[in-house]
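Raw contents of start29.txt, compact mmCIF, C-alpha atoms and all ligand atoms:
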# COMPACT_ATOMS: atom_id res chain seq x y z
CA MET L 1446 -36.60 77.49 38.20
CA SER L 1447 -39.55 76.99 40.55
CA LEU L 1448 -39.11 77.62 44.27
CA ARG L 1449 -38.22 74.45 46.20
CA HIS L 1450 -37.94 73.86 49.93
CA LEU L 1451 -36.70 70.92 52.00
CA ILE L 1452 -39.25 70.56 54.77
CA SER L 1453 -40.00 66.83 54.72
CA LEU L 1454 -38.69 63.79 52.88
CA ASN L 1455 -42.30 63.19 51.91
CA ASP L 1456 -41.86 66.01 49.36
CA VAL L 1457 -38.67 64.57 47.85
CA THR L 1458 -38.81 61.93 45.11
CA ALA L 1459 -36.62 58.84 44.92
CA ALA L 1460 -34.91 60.33 41.85
CA GLU L 1461 -34.21 63.59 43.69
CA LEU L 1462 -32.68 61.65 46.57
CA ARG L 1463 -30.45 59.75 44.14
CA HIS L 1464 -29.40 63.11 42.66
CA LEU L 1465 -28.58 64.45 46.14
CA PHE L 1466 -26.53 61.35 46.97
CA SER L 1467 -24.50 61.51 43.78
CA LEU L 1468 -23.98 65.26 44.23
CA ALA L 1469 -22.90 64.72 47.86
CA THR L 1470 -20.48 62.02 46.68
CA ASP L 1471 -18.91 64.44 44.19
CA VAL L 1472 -18.85 67.36 46.64
CA LYS L 1473 -17.12 65.11 49.17
CA ALA L 1474 -14.58 63.75 46.67
CA SER L 1475 -13.84 67.06 44.91
CA PRO L 1476 -14.75 69.99 47.19
CA GLU L 1477 -12.51 72.35 45.21
CA LYS L 1478 -14.83 72.04 42.17
CA TYR L 1479 -17.58 73.76 44.16
CA ARG L 1480 -15.53 76.53 45.87
CA GLN L 1481 -17.33 79.32 43.98
CA SER L 1482 -20.66 77.60 43.29
CA LEU L 1483 -22.58 79.82 45.71
CA ALA L 1484 -20.33 82.90 45.57
CA GLY L 1485 -22.20 85.99 46.69
CA LYS L 1486 -25.06 83.96 48.24
CA THR L 1487 -26.14 84.28 51.86
CA LEU L 1488 -27.73 81.64 54.07
CA ALA L 1489 -29.72 82.76 57.13
CA MET L 1490 -29.82 80.19 59.93
CA ILE L 1491 -32.58 80.62 62.53
CA PHE L 1492 -32.14 78.60 65.72
CA GLU L 1493 -34.75 78.21 68.47
CA LYS L 1494 -32.86 75.18 69.81
CA SER L 1495 -29.25 74.21 70.50
CA SER L 1496 -27.03 72.70 67.83
CA THR L 1497 -23.46 71.60 67.24
CA ARG L 1498 -23.55 69.67 63.96
CA THR L 1499 -26.31 71.54 62.12
CA ARG L 1500 -24.94 74.98 62.90
CA VAL L 1501 -21.31 74.19 62.13
CA SER L 1502 -21.90 72.03 59.06
CA PHE L 1503 -24.23 74.56 57.42
CA GLU L 1504 -21.96 77.50 58.23
CA VAL L 1505 -18.78 75.78 57.08
CA GLY L 1506 -20.62 74.27 54.10
CA MET L 1507 -21.81 77.69 52.88
CA TYR L 1508 -18.31 79.15 53.37
CA GLU L 1509 -16.74 76.29 51.38
CA LEU L 1510 -19.23 76.92 48.54
CA GLY L 1511 -18.12 80.56 48.35
CA GLY L 1512 -21.09 82.01 50.21
CA HIS L 1513 -21.78 83.46 53.62
CA ALA L 1514 -23.91 82.23 56.55
CA LEU L 1515 -25.67 84.28 59.24
CA PHE L 1516 -26.45 82.76 62.63
CA LEU L 1517 -29.73 84.13 63.98
CA SER L 1518 -30.73 83.03 67.45
CA SER L 1519 -34.49 83.37 67.77
CA ARG L 1520 -33.84 85.07 71.12
CA ASP L 1521 -32.00 87.88 69.40
CA ILE L 1522 -34.25 88.56 66.42
CA GLN L 1523 -37.71 90.13 66.55
CA LEU L 1524 -39.32 86.72 65.93
CA GLY L 1525 -38.63 86.02 69.62
CA ARG L 1526 -40.56 89.23 70.54
CA GLY L 1527 -43.64 88.42 68.54
CA GLU L 1528 -42.91 89.51 64.96
CA THR L 1529 -44.89 87.07 62.86
CA ILE L 1530 -43.36 84.16 61.00
CA GLY L 1531 -44.85 85.52 57.79
CA ASP L 1532 -43.27 88.96 58.19
CA THR L 1533 -39.95 87.46 59.27
CA SER L 1534 -39.96 85.23 56.22
CA LYS L 1535 -40.85 88.02 53.79
CA VAL L 1536 -38.20 90.34 55.21
CA LEU L 1537 -35.41 87.76 55.30
CA SER L 1538 -36.32 86.75 51.73
CA ARG L 1539 -35.44 90.33 50.65
CA TYR L 1540 -31.93 90.03 52.14
CA VAL L 1541 -30.77 86.45 51.80
CA ASP L 1542 -30.85 83.68 49.18
CA ILE L 1543 -31.76 80.69 51.35
CA ILE L 1544 -32.98 80.13 54.92
CA MET L 1545 -32.43 77.20 57.29
CA ALA L 1546 -34.48 77.02 60.50
CA ARG L 1547 -34.43 74.82 63.59
CA THR L 1548 -37.61 75.26 65.57
CA PHE L 1549 -39.87 73.67 68.16
CA ALA L 1550 -43.23 73.74 66.33
CA HIS L 1551 -43.17 72.23 62.85
CA ALA L 1552 -45.71 74.89 61.86
CA THR L 1553 -43.00 77.53 62.28
CA VAL L 1554 -40.98 76.03 59.42
CA THR L 1555 -44.01 75.45 57.20
CA GLY L 1556 -45.07 79.03 58.03
CA LEU L 1557 -41.69 80.32 56.89
CA ALA L 1558 -42.04 78.37 53.65
CA ALA L 1559 -45.57 79.66 53.05
CA SER L 1560 -44.35 83.29 52.93
CA ALA L 1561 -40.79 82.89 51.63
CA THR L 1562 -39.59 83.79 48.18
CA VAL L 1563 -36.34 81.86 48.78
CA PRO L 1564 -35.81 78.16 49.62
CA ILE L 1565 -36.45 77.07 53.22
CA ILE L 1566 -34.54 74.17 54.76
CA ASN L 1567 -35.88 72.39 57.81
CA GLY L 1568 -32.91 72.09 60.18
CA LEU L 1569 -35.03 70.07 62.67
CA THR L 1570 -38.45 70.58 64.17
CA ASP L 1571 -40.26 68.64 66.89
CA ASP L 1572 -41.68 66.54 64.03
CA LEU L 1573 -38.94 66.07 61.43
CA HIS L 1574 -35.19 66.22 60.76
CA PRO L 1575 -34.88 65.72 56.97
CA CYS L 1576 -31.26 66.91 56.56
CA GLN L 1577 -30.18 64.24 59.03
CA ALA L 1578 -32.15 61.49 57.27
CA VAL L 1579 -30.75 62.49 53.83
CA THR L 1580 -27.29 62.29 55.40
CA ASP L 1581 -28.02 58.93 57.02
CA TYR L 1582 -29.16 57.27 53.81
CA PHE L 1583 -26.23 58.88 51.96
CA THR L 1584 -23.93 57.35 54.59
CA LEU L 1585 -25.53 53.94 53.98
CA THR L 1586 -24.89 54.28 50.23
CA GLU L 1587 -21.21 54.76 51.05
CA VAL L 1588 -21.22 51.53 53.06
CA PHE L 1589 -23.45 49.32 50.90
CA GLY L 1590 -23.35 50.93 47.44
CA ALA L 1591 -25.79 53.22 45.64
CA ASP L 1592 -28.59 50.65 45.56
CA LEU L 1593 -29.99 50.16 49.06
CA GLY L 1594 -33.02 48.28 47.67
CA GLY L 1595 -34.11 45.23 49.65
CA ARG L 1596 -32.11 46.14 52.75
CA LYS L 1597 -33.68 46.86 56.13
CA ILE L 1598 -33.00 49.62 58.63
CA ALA L 1599 -34.03 49.13 62.27
CA TYR L 1600 -34.84 52.13 64.45
CA VAL L 1601 -34.91 51.39 68.16
CA GLY L 1602 -36.16 54.15 70.47
CA ASP L 1603 -38.54 57.07 70.69
CA GLY L 1604 -41.10 57.62 67.91
CA ASN L 1605 -39.68 61.10 67.40
CA ASN L 1606 -38.51 63.46 64.65
CA MET L 1607 -35.72 61.05 63.62
CA ALA L 1608 -38.08 58.07 63.52
CA HIS L 1609 -40.47 60.06 61.33
CA SER L 1610 -37.78 61.24 58.92
CA LEU L 1611 -36.15 57.82 58.56
CA MET L 1612 -39.60 56.28 58.06
CA LEU L 1613 -40.47 58.78 55.30
CA GLY L 1614 -37.08 58.29 53.64
CA ALA L 1615 -36.88 54.48 53.71
CA PRO L 1616 -39.37 53.81 50.88
CA LYS L 1617 -37.65 56.47 48.75
CA VAL L 1618 -34.37 54.52 48.93
CA GLY L 1619 -36.11 51.14 48.61
CA MET L 1620 -35.44 50.07 52.20
CA ASP L 1621 -37.72 48.29 54.64
CA ILE L 1622 -37.86 49.90 58.07
CA ALA L 1623 -38.73 48.36 61.42
CA ILE L 1624 -39.34 50.66 64.34
CA ALA L 1625 -39.24 49.33 67.91
CA ARG L 1626 -40.57 51.70 70.54
CA PRO L 1627 -42.08 51.22 73.99
CA GLU L 1628 -45.81 51.55 74.47
CA GLY L 1629 -46.78 55.21 74.67
CA TYR L 1630 -43.89 56.43 72.50
CA ASP L 1631 -45.40 55.71 69.11
CA VAL L 1632 -44.73 57.56 65.89
CA ASN L 1633 -47.19 60.28 64.86
CA PRO L 1634 -50.04 58.64 62.86
CA HIS L 1635 -49.96 61.48 60.31
CA TYR L 1636 -46.35 60.71 59.31
CA LEU L 1637 -47.00 56.97 59.52
CA ALA L 1638 -49.84 57.29 57.00
CA LEU L 1639 -47.62 59.29 54.62
CA ALA L 1640 -44.80 56.76 54.98
CA GLN L 1641 -47.15 53.83 54.48
CA ALA L 1642 -48.51 55.37 51.28
CA ALA L 1643 -44.93 55.83 50.01
CA ALA L 1644 -44.01 52.28 51.05
CA GLU L 1645 -46.99 50.85 49.21
CA LYS L 1646 -45.95 52.71 46.08
CA ALA L 1647 -42.33 51.57 46.42
CA GLY L 1648 -43.15 47.99 47.44
CA THR L 1649 -41.26 48.29 50.75
CA GLU L 1650 -42.31 47.43 54.30
CA ILE L 1651 -42.83 49.47 57.45
CA VAL L 1652 -43.07 47.40 60.63
CA LEU L 1653 -43.87 48.75 64.10
CA THR L 1654 -43.10 46.60 67.11
CA GLU L 1655 -42.41 46.81 70.83
CA ASP L 1656 -39.67 44.17 70.49
CA PRO L 1657 -36.21 45.59 69.70
CA ARG L 1658 -34.84 42.12 68.81
CA ALA L 1659 -37.56 41.55 66.22
CA ALA L 1660 -36.87 44.98 64.70
CA VAL L 1661 -33.11 44.43 64.48
CA GLU L 1662 -33.22 40.89 63.10
CA GLY L 1663 -31.88 40.87 59.54
CA ALA L 1664 -31.18 44.63 59.52
CA SER L 1665 -28.25 46.15 57.63
CA ALA L 1666 -28.38 49.31 59.74
CA VAL L 1667 -29.37 49.83 63.36
CA TYR L 1668 -30.29 53.36 64.40
CA THR L 1669 -31.15 55.00 67.67
CA ASP L 1670 -31.63 58.50 69.02
CA VAL L 1671 -31.90 60.14 72.43
CA TRP L 1672 -34.84 59.11 74.59
CA ALA L 1673 -35.57 62.73 75.56
CA SER L 1674 -35.39 65.17 72.67
CA MET L 1675 -34.81 68.91 72.91
CA GLY L 1676 -37.77 70.37 74.76
CA GLN L 1677 -38.42 67.13 76.68
CA GLU L 1678 -35.65 67.55 79.27
CA GLU L 1679 -38.11 67.41 82.17
CA GLU L 1680 -39.30 63.97 81.09
CA ALA L 1681 -35.78 62.54 80.95
CA GLU L 1682 -35.98 60.58 84.18
CA LYS L 1683 -39.38 59.03 83.42
CA ARG L 1684 -38.20 58.18 79.95
CA ARG L 1685 -35.08 56.43 81.24
CA ALA L 1686 -37.41 54.06 83.11
CA ASP L 1687 -39.89 53.67 80.24
CA PHE L 1688 -37.16 52.87 77.72
CA GLU L 1689 -35.56 50.12 79.78
CA GLY L 1690 -34.71 47.26 77.44
CA PHE L 1691 -34.37 49.58 74.44
CA THR L 1692 -30.61 50.20 74.71
CA VAL L 1693 -28.73 49.30 71.54
CA ASP L 1694 -25.95 47.16 72.99
CA GLU L 1695 -23.67 44.39 71.70
CA THR L 1696 -26.30 41.69 72.38
CA LEU L 1697 -28.91 43.54 70.33
CA MET L 1698 -26.44 44.32 67.51
CA ALA L 1699 -25.73 40.57 67.27
CA GLU L 1700 -29.33 40.10 65.99
CA ALA L 1701 -28.56 42.25 62.94
CA ARG L 1702 -26.76 41.07 59.80
CA PRO L 1703 -23.03 40.52 60.30
CA GLU L 1704 -22.21 43.49 58.03
CA ALA L 1705 -24.68 45.78 59.81
CA VAL L 1706 -23.61 49.27 60.81
CA PHE L 1707 -24.72 51.39 63.76
CA LEU L 1708 -25.91 54.96 63.17
CA HIS L 1709 -26.97 57.74 65.56
CA CYS L 1710 -27.71 61.35 64.63
CA LEU L 1711 -25.86 62.52 67.79
CA PRO L 1712 -25.62 63.83 70.41
CA CYS L 1713 -25.76 60.42 72.13
CA HIS L 1714 -25.86 59.27 75.72
CA ARG L 1715 -23.63 56.24 76.21
CA GLY L 1716 -25.23 53.89 78.72
CA GLU L 1717 -28.75 55.04 77.83
CA GLU L 1718 -29.97 54.58 74.25
CA VAL L 1719 -26.64 53.05 73.16
CA SER L 1720 -23.87 51.21 74.98
CA ALA L 1721 -20.38 52.69 74.80
CA GLY L 1722 -19.23 49.43 73.21
CA VAL L 1723 -21.58 49.88 70.25
CA ALA L 1724 -21.17 53.67 69.88
CA ASP L 1725 -17.39 53.34 69.79
CA GLY L 1726 -17.20 49.82 68.36
CA PRO L 1727 -16.27 48.44 64.94
CA GLN L 1728 -19.80 48.61 63.51
CA SER L 1729 -20.30 52.26 64.44
CA ARG L 1730 -20.32 54.85 61.65
CA ILE L 1731 -21.44 57.76 63.82
CA PHE L 1732 -18.54 60.09 63.06
CA ASP L 1733 -18.63 59.43 59.29
CA GLU L 1734 -22.33 60.17 59.58
CA ALA L 1735 -21.67 63.44 61.41
CA GLU L 1736 -19.04 64.44 58.82
CA ASN L 1737 -21.48 63.66 56.04
CA ARG L 1738 -23.87 66.35 57.28
CA LEU L 1739 -21.41 68.79 55.71
CA HIS L 1740 -21.30 67.10 52.30
CA ALA L 1741 -25.01 66.22 52.12
CA GLN L 1742 -26.10 69.74 53.10
CA LYS L 1743 -23.78 71.31 50.53
CA ALA L 1744 -25.59 69.11 48.01
CA ILE L 1745 -28.97 70.20 49.39
CA MET L 1746 -28.09 73.92 49.12
CA LEU L 1747 -26.68 73.50 45.58
CA TRP L 1748 -29.83 71.64 44.54
CA LEU L 1749 -32.31 74.08 46.08
CA LEU L 1750 -30.46 77.05 44.55
CA GLY L 1751 -30.29 75.38 41.15
CA ALA L 1752 -26.48 75.50 41.17
CA ALA L 1753 -25.95 71.78 40.50
N1 LIG F 1 -27.68 65.65 64.66
C1 LIG F 1 -27.85 66.97 64.86
O1 LIG F 1 -28.71 67.61 64.25
O2 LIG F 1 -26.98 67.52 65.74
P1 LIG F 1 -27.04 69.00 66.35
O3 LIG F 1 -28.23 69.04 67.29
O4 LIG F 1 -25.74 69.14 67.06
O5 LIG F 1 -27.21 69.98 65.24
N1 LIG F 2 -34.50 63.78 68.50
C1 LIG F 2 -33.41 64.67 68.80
C2 LIG F 2 -32.53 64.82 67.60
C3 LIG F 2 -31.33 65.72 67.82
C4 LIG F 2 -30.48 65.89 66.59
C5 LIG F 2 -33.96 66.01 69.26
O1 LIG F 2 -34.90 66.50 68.66
O2 LIG F 2 -33.43 66.55 70.24
Could you quickly redo this structure as C-alpha cells?
Amino acid sequence: MSLRHLISLNDVTAAELRHLFSLATDVKASPEKYRQSLAGKTLAMIFEKSSTRTRVSFEVGMYELGGHALFLSSRDIQLGRGETIGDTSKVLSRYVDIIMARTFAHATVTGLAASATVPIINGLTDDLHPCQAVTDYFTLTEVFGADLGGRKIAYVGDGNNMAHSLMLGAPKVGMDIAIARPEGYDVNPHYLALAQAAAEKAGTEIVLTEDPRAAVEGASAVYTDVWASMGQEEEAEKRRADFEGFTVDETLMAEARPEAVFLHCLPCHRGEEVSAGVADGPQSRIFDEAENRLHAQKAIMLWLLGAA
C-alpha cells in the first residue's frame, strides 16, 4: 500500500470521499465491528493551537479502534525548541503509525508529510481544515442522502481555513458553493484556483460575493465560522466591525431553502457570526456535526492505514 496523507481535500478524489462517507456511516452504526481494527497502533497528535473537538475525537476515536493516542503539545516537545520539522517527522515515524498535527503555518504540516514514513493528517492549519470539511459533507449526506449533487452550500464569513476546505470539497461532492465575505477578507487565490479547476471538472459552481443574502438564496446548507481565527485574537475587535451584516440570523436563514440546515465547525460566538436563535434553533445541526468528527476521523484513520 502506498503512503497516503490527508493534508488537503484537493488531494482526495470524489470516489475516495464517497468511500470515507460510507465507512463513516458504518463505523457510526456499528462501532463494535471496528473495536480491534487498529489494535497495537499509535497515533501521535501534535498541537500548536488549542482544541476541544479535534483532540478529544481523535483520542477517543483511536481508543475505540483498539489503538492508542499520544497528545504532544508543541511547547513540550523539542519542535518548540527548534528541532526541525523534518527530524521530528522522521523520529516520530520510527515510533508511531500515524501522525495528526494542528499548526499555525500550513508549511509545517506539508513539511511533516515530506519527511514522514507514516500517514500525516492535517488537524487544522492557518490555511485548511480538511477533517472538518469531510465531517461537514458527511453530515450533509446524513440529512439529504448520499447524493448531494446539484445542491448548494452557502458560506458566510471570513475567507479562512474553513472557507478554503469547504470550497475544495464542494466540487468533489457535486455541490455548488457560494461564499459571502466582506471586502478585505477574501479567500486565498491559490486555493480558489485549485477549487475552480475542480469545479470545472465536476461541472459545479463557485460564486464569491459580498452579499450574504445572495449567497444564501437557494442553499441547502448555510455555514459560518468565527470572524477571528486562532492566531488572530488581536484583530477580533476590528473584525467585529468589519463583519457587521454578516451574522447568520433568522432573517438570513429565511433566504435559504425551507429544508436548509445550519452548520458551524465550532467553537461559535452567539451574537457575532451566528445568532443564538439559529445556533440553537430547529435548522441547526451543529452538535450532530461535532459528534460526526469522531465517526469521520475513525474512517479517515482506517482508510489511511489500509484497515478498511
Ligand atoms: N472544529 C474544531 O476543530 O474544533 P476544535 O478547535 O475544538 O478542535
Ligand atoms: N477558523 C477557525 C476554525 C476553528 C475550528 C480557526 O482557525 O480558529
- Task: Name the residues, by chain letter and number, that sit within 12 Å of ligand LIG 2 (chain F) using all atoms listed in the file, and give them as a ChimeraX atom specification.
- Result: /L:1493-1500,1547-1551,1568-1578,1602-1611,1668-1678,1681,1709-1714,1718,1735,1738
- Query: Near Val1588 in chain L, counting all atoms listed in the file, which residues have an atom at most 10 Å away, once you skip same-chain residues fewer than 3 positions from it, shown as number ranges by chain?
  - Reply: L: 1582-1585, 1591, 1593, 1665, 1704-1706, 1730
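Distances from L:Phe1466, L:Glu1700, L:Ser1538, L:Ala1559 to Asp1592 in chain L were compared using only C-alpha atoms, and the smallest one belongs to L:Phe1466.
Rounded to one decimal, CA of Gln1742 in chain L and CA of Ser1502 in chain L lie 7.6 Å from each other.
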- Query: Hey, can you check how far CA of Met1612 in chain L sits from CA of Leu1454 in chain L?
  - Reply: 9.2 Å
